[in-house]
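Enquirer: Data: query36.cif, mmCIF, C-alpha atoms.
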```
data_my_file
#
loop_
_atom_site.label_atom_id
_atom_site.label_comp_id
_atom_site.auth_asym_id
_atom_site.auth_seq_id
_atom_site.Cartn_x
_atom_site.Cartn_y
_atom_site.Cartn_z
CA MET A 1 65.19 -17.37 116.40
CA LYS A 2 65.23 -20.69 118.25
CA ARG A 3 63.28 -22.28 115.41
CA PHE A 4 65.75 -20.87 112.89
CA PHE A 5 68.75 -22.34 114.69
CA GLY A 6 66.88 -25.62 115.05
CA MET A 7 66.35 -25.77 111.30
CA ILE A 8 70.01 -24.96 110.68
CA GLY A 9 71.07 -27.67 113.10
CA ALA A 10 68.80 -30.23 111.46
CA LEU A 11 70.15 -29.29 108.04
CA MET A 12 73.75 -29.58 109.21
CA LEU A 13 73.00 -32.97 110.78
CA ALA A 14 71.41 -34.19 107.56
CA VAL A 15 74.44 -33.06 105.56
CA PHE A 16 76.79 -34.68 108.07
CA LEU A 17 74.93 -38.01 108.03
CA SER A 18 74.70 -38.03 104.26
CA GLY A 19 78.38 -37.23 103.86
CA CYS A 20 79.45 -39.90 106.35
CA GLY A 21 77.56 -42.72 104.66
CA TYR A 22 74.59 -42.97 106.99
CA ASN A 23 72.07 -43.26 104.17
CA GLN A 24 74.17 -45.90 102.42
CA ILE A 25 74.46 -47.91 105.63
CA GLN A 26 70.69 -47.77 106.00
CA THR A 27 70.20 -48.98 102.43
CA LEU A 28 72.59 -51.91 102.75
CA ASP A 29 71.19 -52.81 106.16
CA GLU A 30 67.70 -53.09 104.69
CA GLN A 31 69.03 -55.16 101.81
CA VAL A 32 70.61 -57.62 104.23
CA LYS A 33 67.36 -57.92 106.19
CA ALA A 34 65.38 -58.55 103.00
CA ALA A 35 67.90 -61.12 101.78
CA TRP A 36 67.84 -62.93 105.13
CA SER A 37 64.05 -63.03 105.15
CA GLU A 38 63.99 -64.54 101.65
CA THR A 39 66.69 -67.08 102.55
CA LEU A 40 64.78 -68.21 105.61
CA ASN A 41 61.59 -68.39 103.56
CA GLN A 42 63.18 -70.80 101.05
CA TYR A 43 64.64 -72.98 103.81
CA GLN A 44 61.17 -73.14 105.37
CA ARG A 45 59.75 -74.12 101.99
CA ARG A 46 62.08 -77.13 101.93
CA ALA A 47 61.22 -78.07 105.51
CA ASP A 48 57.52 -78.01 104.63
CA LEU A 49 58.12 -80.46 101.79
CA VAL A 50 59.79 -83.06 104.02
CA PRO A 51 56.65 -84.57 105.64
CA LYS A 52 55.00 -84.88 102.22
CA ILE A 53 58.06 -86.59 100.73
CA VAL A 54 58.36 -89.01 103.65
CA ALA A 55 54.66 -89.87 103.40
CA SER A 56 54.93 -90.49 99.66
CA VAL A 57 57.86 -92.94 99.96
CA ASN A 58 56.74 -94.63 103.17
CA ALA A 59 54.71 -97.35 101.42
CA TYR A 60 57.54 -98.24 99.06
CA MET A 61 60.69 -98.10 101.21
CA VAL A 62 59.81 -100.81 103.69
CA ASN A 63 63.49 -101.76 103.99
CA GLU A 64 64.82 -98.21 104.29
CA ARG A 65 63.46 -97.19 107.68
CA GLU A 66 66.85 -95.90 108.81
CA VAL A 67 66.97 -93.39 105.95
CA LEU A 68 63.42 -92.23 106.67
CA THR A 69 64.24 -91.87 110.35
CA GLN A 70 67.31 -89.76 109.54
CA VAL A 71 65.24 -87.42 107.38
CA THR A 72 62.53 -87.09 110.03
CA GLU A 73 65.04 -86.43 112.82
CA ALA A 74 66.91 -83.88 110.70
CA ARG A 75 63.63 -82.10 109.95
CA SER A 76 62.84 -82.02 113.67
CA LYS A 77 66.26 -80.55 114.46
CA VAL A 78 65.73 -77.79 111.90
CA GLY A 79 62.45 -76.92 113.59
CA SER A 80 64.12 -76.74 116.99
CA VAL A 81 66.49 -73.95 115.90
CA GLN A 82 64.59 -70.78 116.75
CA ILE A 83 65.38 -68.23 114.04
CA SER A 84 63.29 -65.17 113.20
CA ALA A 85 62.94 -63.60 109.77
CA ASP A 86 62.69 -60.17 111.42
CA THR A 87 66.09 -60.27 113.12
CA ILE A 88 69.53 -61.16 111.79
CA PRO A 89 70.83 -64.02 113.98
CA SER A 90 74.07 -63.94 115.92
CA GLN A 91 77.11 -65.80 114.58
CA GLU A 92 76.47 -68.70 116.96
CA GLN A 93 72.80 -68.92 115.99
CA LEU A 94 73.68 -68.82 112.30
CA GLN A 95 76.19 -71.64 112.74
CA GLN A 96 73.58 -73.78 114.51
CA PHE A 97 71.07 -72.99 111.78
CA GLN A 98 73.56 -73.85 109.04
CA ALA A 99 74.55 -77.13 110.70
CA ALA A 100 70.91 -78.21 111.04
CA GLN A 101 70.13 -77.29 107.44
CA ASN A 102 73.21 -79.15 106.18
CA GLN A 103 72.13 -82.25 108.09
CA LEU A 104 68.66 -82.09 106.54
CA GLY A 105 70.10 -81.56 103.08
CA SER A 106 72.37 -84.59 103.45
CA ALA A 107 69.52 -86.77 104.71
CA LEU A 108 67.30 -85.73 101.80
CA SER A 109 70.12 -86.47 99.33
CA ARG A 110 70.46 -89.99 100.74
CA LEU A 111 66.70 -90.48 100.51
CA ILE A 112 66.59 -89.43 96.86
CA ALA A 113 69.60 -91.64 96.09
CA VAL A 114 67.94 -94.67 97.70
CA SER A 115 64.75 -94.01 95.72
CA GLU A 116 66.65 -94.98 92.58
CA ASN A 117 66.38 -98.58 93.75
CA TYR A 118 62.57 -98.49 93.64
CA PRO A 119 61.24 -98.29 90.06
CA GLN A 120 57.63 -98.19 91.23
CA LEU A 121 58.39 -95.24 93.50
CA LYS A 122 60.16 -93.39 90.70
CA ALA A 123 57.08 -93.92 88.54
CA ASP A 124 54.73 -92.57 91.22
CA ALA A 125 53.29 -89.24 90.02
CA LEU A 126 53.13 -87.71 93.50
CA PHE A 127 56.74 -88.55 94.26
CA ARG A 128 57.91 -87.16 90.91
CA ASP A 129 56.04 -83.93 91.59
CA LEU A 130 57.46 -83.59 95.11
CA ASN A 131 60.95 -84.38 93.86
CA ALA A 132 60.62 -81.66 91.21
CA GLN A 133 59.46 -79.22 93.90
CA LEU A 134 62.44 -80.17 96.06
CA GLU A 135 64.89 -79.60 93.22
CA GLY A 136 63.34 -76.21 92.51
CA THR A 137 63.49 -75.28 96.19
CA GLU A 138 67.15 -76.26 96.43
CA ASN A 139 67.87 -73.90 93.52
CA ARG A 140 65.93 -71.12 95.23
CA ILE A 141 67.86 -71.72 98.45
CA ALA A 142 71.17 -71.45 96.61
CA THR A 143 70.08 -68.20 94.93
CA ALA A 144 68.69 -66.62 98.11
CA ARG A 145 71.67 -67.70 100.19
CA GLY A 146 74.10 -66.34 97.58
CA ARG A 147 72.31 -63.00 97.61
CA TYR A 148 72.44 -62.85 101.41
CA ILE A 149 76.16 -63.60 101.44
CA LYS A 150 76.81 -60.91 98.85
CA ASP A 151 74.69 -58.29 100.64
CA VAL A 152 76.33 -59.00 104.01
CA GLN A 153 79.78 -58.69 102.46
CA ALA A 154 78.86 -55.31 100.96
CA TYR A 155 77.42 -54.07 104.26
CA ASN A 156 80.36 -55.32 106.36
CA THR A 157 82.86 -53.79 103.94
CA LEU A 158 81.13 -50.40 104.07
CA ILE A 159 80.97 -50.06 107.85
CA ARG A 160 84.68 -50.92 108.11
CA GLN A 161 85.70 -48.13 105.75
CA PHE A 162 86.55 -44.56 106.69
CA PRO A 163 84.65 -42.33 107.27
CA THR A 164 81.54 -44.54 107.42
CA LEU A 165 83.07 -46.57 110.25
CA ILE A 166 82.73 -43.48 112.46
CA THR A 167 79.04 -43.17 111.61
CA ALA A 168 78.56 -46.91 112.16
CA LYS A 169 80.12 -46.73 115.62
CA ILE A 170 78.11 -43.66 116.62
CA MET A 171 74.84 -45.18 115.39
CA GLY A 172 75.56 -48.65 116.78
CA TYR A 173 75.83 -50.54 113.48
CA GLN A 174 77.89 -53.69 113.86
CA VAL A 175 79.32 -56.35 111.57
CA LYS A 176 76.71 -58.93 110.59
CA PRO A 177 77.37 -62.69 110.63
CA ASN A 178 77.56 -64.56 107.36
CA PHE A 179 77.29 -68.12 106.18
CA GLY A 180 80.56 -70.04 106.37
CA THR A 181 82.04 -72.49 103.90
CA ASP A 182 80.52 -75.90 104.47
CA ASN A 183 83.72 -77.76 103.57
CA GLN A 184 86.17 -75.29 105.07
CA ASP A 185 88.14 -78.00 106.92
CA GLU A 186 88.50 -79.98 103.72
CA ILE A 187 89.64 -76.92 101.77
CA MET A 188 92.22 -75.90 104.38
CA ARG A 189 93.68 -79.38 104.85
CA ASN A 190 97.12 -79.84 103.34
CA PRO A 191 97.00 -82.30 100.44
CA GLU A 192 98.45 -85.72 101.15
CA VAL A 193 100.90 -86.70 98.45
CA LYS A 194 102.30 -90.22 98.23
CA PHE A 195 104.88 -91.52 95.81
CA ASP A 196 105.02 -95.25 95.20
CA THR A 197 108.76 -95.80 94.90
CA GLY A 198 108.65 -99.55 95.37
CA ALA A 199 106.31 -100.45 92.52
CA ARG A 200 107.42 -103.37 90.40
CA ALA A 201 105.92 -105.07 87.41
CA PRO A 202 104.13 -108.35 88.17
CA ALA A 203 106.20 -111.46 87.77
CA GLY A 204 104.07 -112.73 84.89
CA ASN A 205 104.60 -109.50 82.94
CA ALA A 206 108.27 -109.07 83.70
CA ALA A 207 110.47 -108.30 80.71
CA PRO A 208 112.74 -111.21 79.71
CA ALA A 209 116.28 -110.95 80.94
CA GLN A 210 118.77 -109.79 78.35
CA PRO A 211 121.70 -112.15 77.69
CA ALA A 212 125.07 -111.04 78.93
CA PRO A 213 127.39 -109.68 76.22
CA ALA A 214 129.78 -112.25 74.80
CA GLN A 215 133.33 -112.16 76.17
CA PRO A 216 136.16 -112.01 73.62
CA ALA A 217 138.12 -115.24 73.22
CA PRO A 218 141.55 -115.23 74.93
CA ALA A 219 144.49 -114.56 72.64
CA GLN A 220 146.44 -117.71 71.55
#
```
Just give me the structure as structure tokens.

Expert:
Amino acid sequence: MKRFFGMIGALMLAVFLSGCGYNQIQTLDEQVKAAWSETLNQYQRRADLVPKIVASVNAYMVNEREVLTQVTEARSKVGSVQISADTIPSQEQLQQFQAAQNQLGSALSRLIAVSENYPQLKADALFRDLNAQLEGTENRIATARGRYIKDVQAYNTLIRQFPTLITAKIMGYQVKPNFGTDNQDEIMRNPEVKFDTGARAPAGNAAPAQPAPAQPAPAQ
């Protein structure tokens, strides 16, 4: 009898969890974890390319030590942010991670821009190969990051809806942090509009003055 009631209770619990979105929460939670792991993997791929790129341009950019130093320091800062692929970071950790990655991305962009001034470097086969790998990695980062953002949005939306929010609270599922907009301050800033009301044509291009209309002769 005890076994019978135990089976009934387990069945009722399974029905309750299924009806309250527990299985769906589990599915989306696993999708977020997989997306985060892939995103971190692609960022690590870029970080691993940095020492090779710096070494390949070092012999050419003798006058660009500041740019090389910025890239090296940004790479070091990325490595100092301790993030695990097994655990979704907190909002604060994700912000630190994003800031470090943005700094590295900007430094690499400056390095590639400066390389345009060195024809011999651009012709170097190793540098061309590494640059192609970097471009491919940046595309992979954008794809993986976009997937993570989308999966987190779907998960966060689900656990805020009724009745799944009850299941989420009982089971301890919480809202997950997401990547922010890099240029949020720029987007939210009110546009500055100026009207030049005092503009005048240059003196050399001024239109010739029109003669005054002739006055009628006084009556005799």

Enquirer: What do you get, as a PyMOL selection string, if you spell out every residue that the PyMOL selection byres ((chain A and resi 54-70) around 8) selects here?

Expert: chain A and resi 50-53+71-74+107+110-111+115+118+120-121+126-127

Enquirer: Atoms to include: C-alpha atoms. Write the selected residues as a CSV table (one decimal), keeping the file's coordinate frame.

Expert:
```csv
chain,number,residue,atom,x,y,z
A,50,VAL,CA,59.8,-83.1,104.0
A,51,PRO,CA,56.6,-84.6,105.6
A,52,LYS,CA,55.0,-84.9,102.2
A,53,ILE,CA,58.1,-86.6,100.7
A,71,VAL,CA,65.2,-87.4,107.4
A,72,THR,CA,62.5,-87.1,110.0
A,73,GLU,CA,65.0,-86.4,112.8
A,74,ALA,CA,66.9,-83.9,110.7
A,107,ALA,CA,69.5,-86.8,104.7
A,110,ARG,CA,70.5,-90.0,100.7
A,111,LEU,CA,66.7,-90.5,100.5
A,115,SER,CA,64.8,-94.0,95.7
A,118,TYR,CA,62.6,-98.5,93.6
A,120,GLN,CA,57.6,-98.2,91.2
A,121,LEU,CA,58.4,-95.2,93.5
A,126,LEU,CA,53.1,-87.7,93.5
A,127,PHE,CA,56.7,-88.6,94.3
```

Enquirer: For the structure provided, state which residues fall under the PyMOL selection byres ((chain A and resi 96-106) around 7), and present them as a PyMOL selection string.

Expert: chain A and resi 71+74-75+77-78+81+92-95+107-110

Enquirer: Would you compute the distance between CA of Val114 in chain A and CA of Glu135 in chain A? Give it in Å to one decimal.

Expert: 16.0 Å

Enquirer: Identify which of the residues A:Lys122, A:Lys150, A:Arg160, A:Lys33 lies closest to Ile88 in chain A, counting only C-alpha atoms when measuring atom-to-atom distances.

Expert: A:Lys33

Enquirer: Report as a PyMOL selection string the full result of the PyMOL selection byres ((chain A and resi 152) around 9) when it is applied to this structure.

Expert: chain A and resi 28-29+31-32+35+147-151+153-157+175-178

Enquirer: For C-alpha atoms, I'd like the residues from the last selection saved as a short mmCIF file (atom, residue, chain, number, x, y, z; two decimals), in the coordinates of the input.

Expert:
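New file result-v1.cif:
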```
data_model
loop_
_atom_site.label_atom_id
_atom_site.label_comp_id
_atom_site.auth_asym_id
_atom_site.auth_seq_id
_atom_site.Cartn_x
_atom_site.Cartn_y
_atom_site.Cartn_z
CA LEU A 28 72.59 -51.91 102.75
CA ASP A 29 71.19 -52.81 106.16
CA GLN A 31 69.03 -55.16 101.81
CA VAL A 32 70.61 -57.62 104.23
CA ALA A 35 67.90 -61.12 101.78
CA ARG A 147 72.31 -63.00 97.61
CA TYR A 148 72.44 -62.85 101.41
CA ILE A 149 76.16 -63.60 101.44
CA LYS A 150 76.81 -60.91 98.85
CA ASP A 151 74.69 -58.29 100.64
CA GLN A 153 79.78 -58.69 102.46
CA ALA A 154 78.86 -55.31 100.96
CA TYR A 155 77.42 -54.07 104.26
CA ASN A 156 80.36 -55.32 106.36
CA THR A 157 82.86 -53.79 103.94
CA VAL A 175 79.32 -56.35 111.57
CA LYS A 176 76.71 -58.93 110.59
CA PRO A 177 77.37 -62.69 110.63
CA ASN A 178 77.56 -64.56 107.36
#
```

Enquirer: For the atom pair CA of Leu134 in chain A and CA of Arg45 in chain A, what is the interatomic distance in Å to one decimal place?

Expert: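 The value is 8.9 Å.
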
Enquirer: Provide the CA of Gln42 in chain A to CA of Asn139 in chain A distance in Å, to one decimal place.

Expert: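 Between CA of Gln42 in chain A and CA of Asn139 in chain A the gap works out to 9.4 Å.
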
Enquirer: Would you compute, for all listed atoms of range 166-183 of chain A, the axis-aligned bounding box grown by 5 Å on each side, and then report its centre and edge lengths in Å rounded to one decimal, as JSON?

Expert:
```
{"center_x": 79.3, "center_y": -60.5, "center_z": 110.2, "size_x": 18.9, "size_y": 44.6, "size_z": 23.2}
```

Enquirer: Which is closest to Tyr173 in chain A among A:Cys20, A:Ile83, A:Ile25, A:Ala34, if we use only C-alpha atoms?

Expert: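 Smallest distance to Tyr173 in chain A is found for A:Ile25.
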
Enquirer: Can you pull out the residues contacting Asn41 in chain A? Cut-off 9 Å, using all atoms listed in the file, and skip same-chain residues under 4 positions away; I want them as a list in words.

Expert: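 What passes the distance filter is Trp36, Ser37, Arg45, Arg46, Ala85 and Ile141 of chain A.
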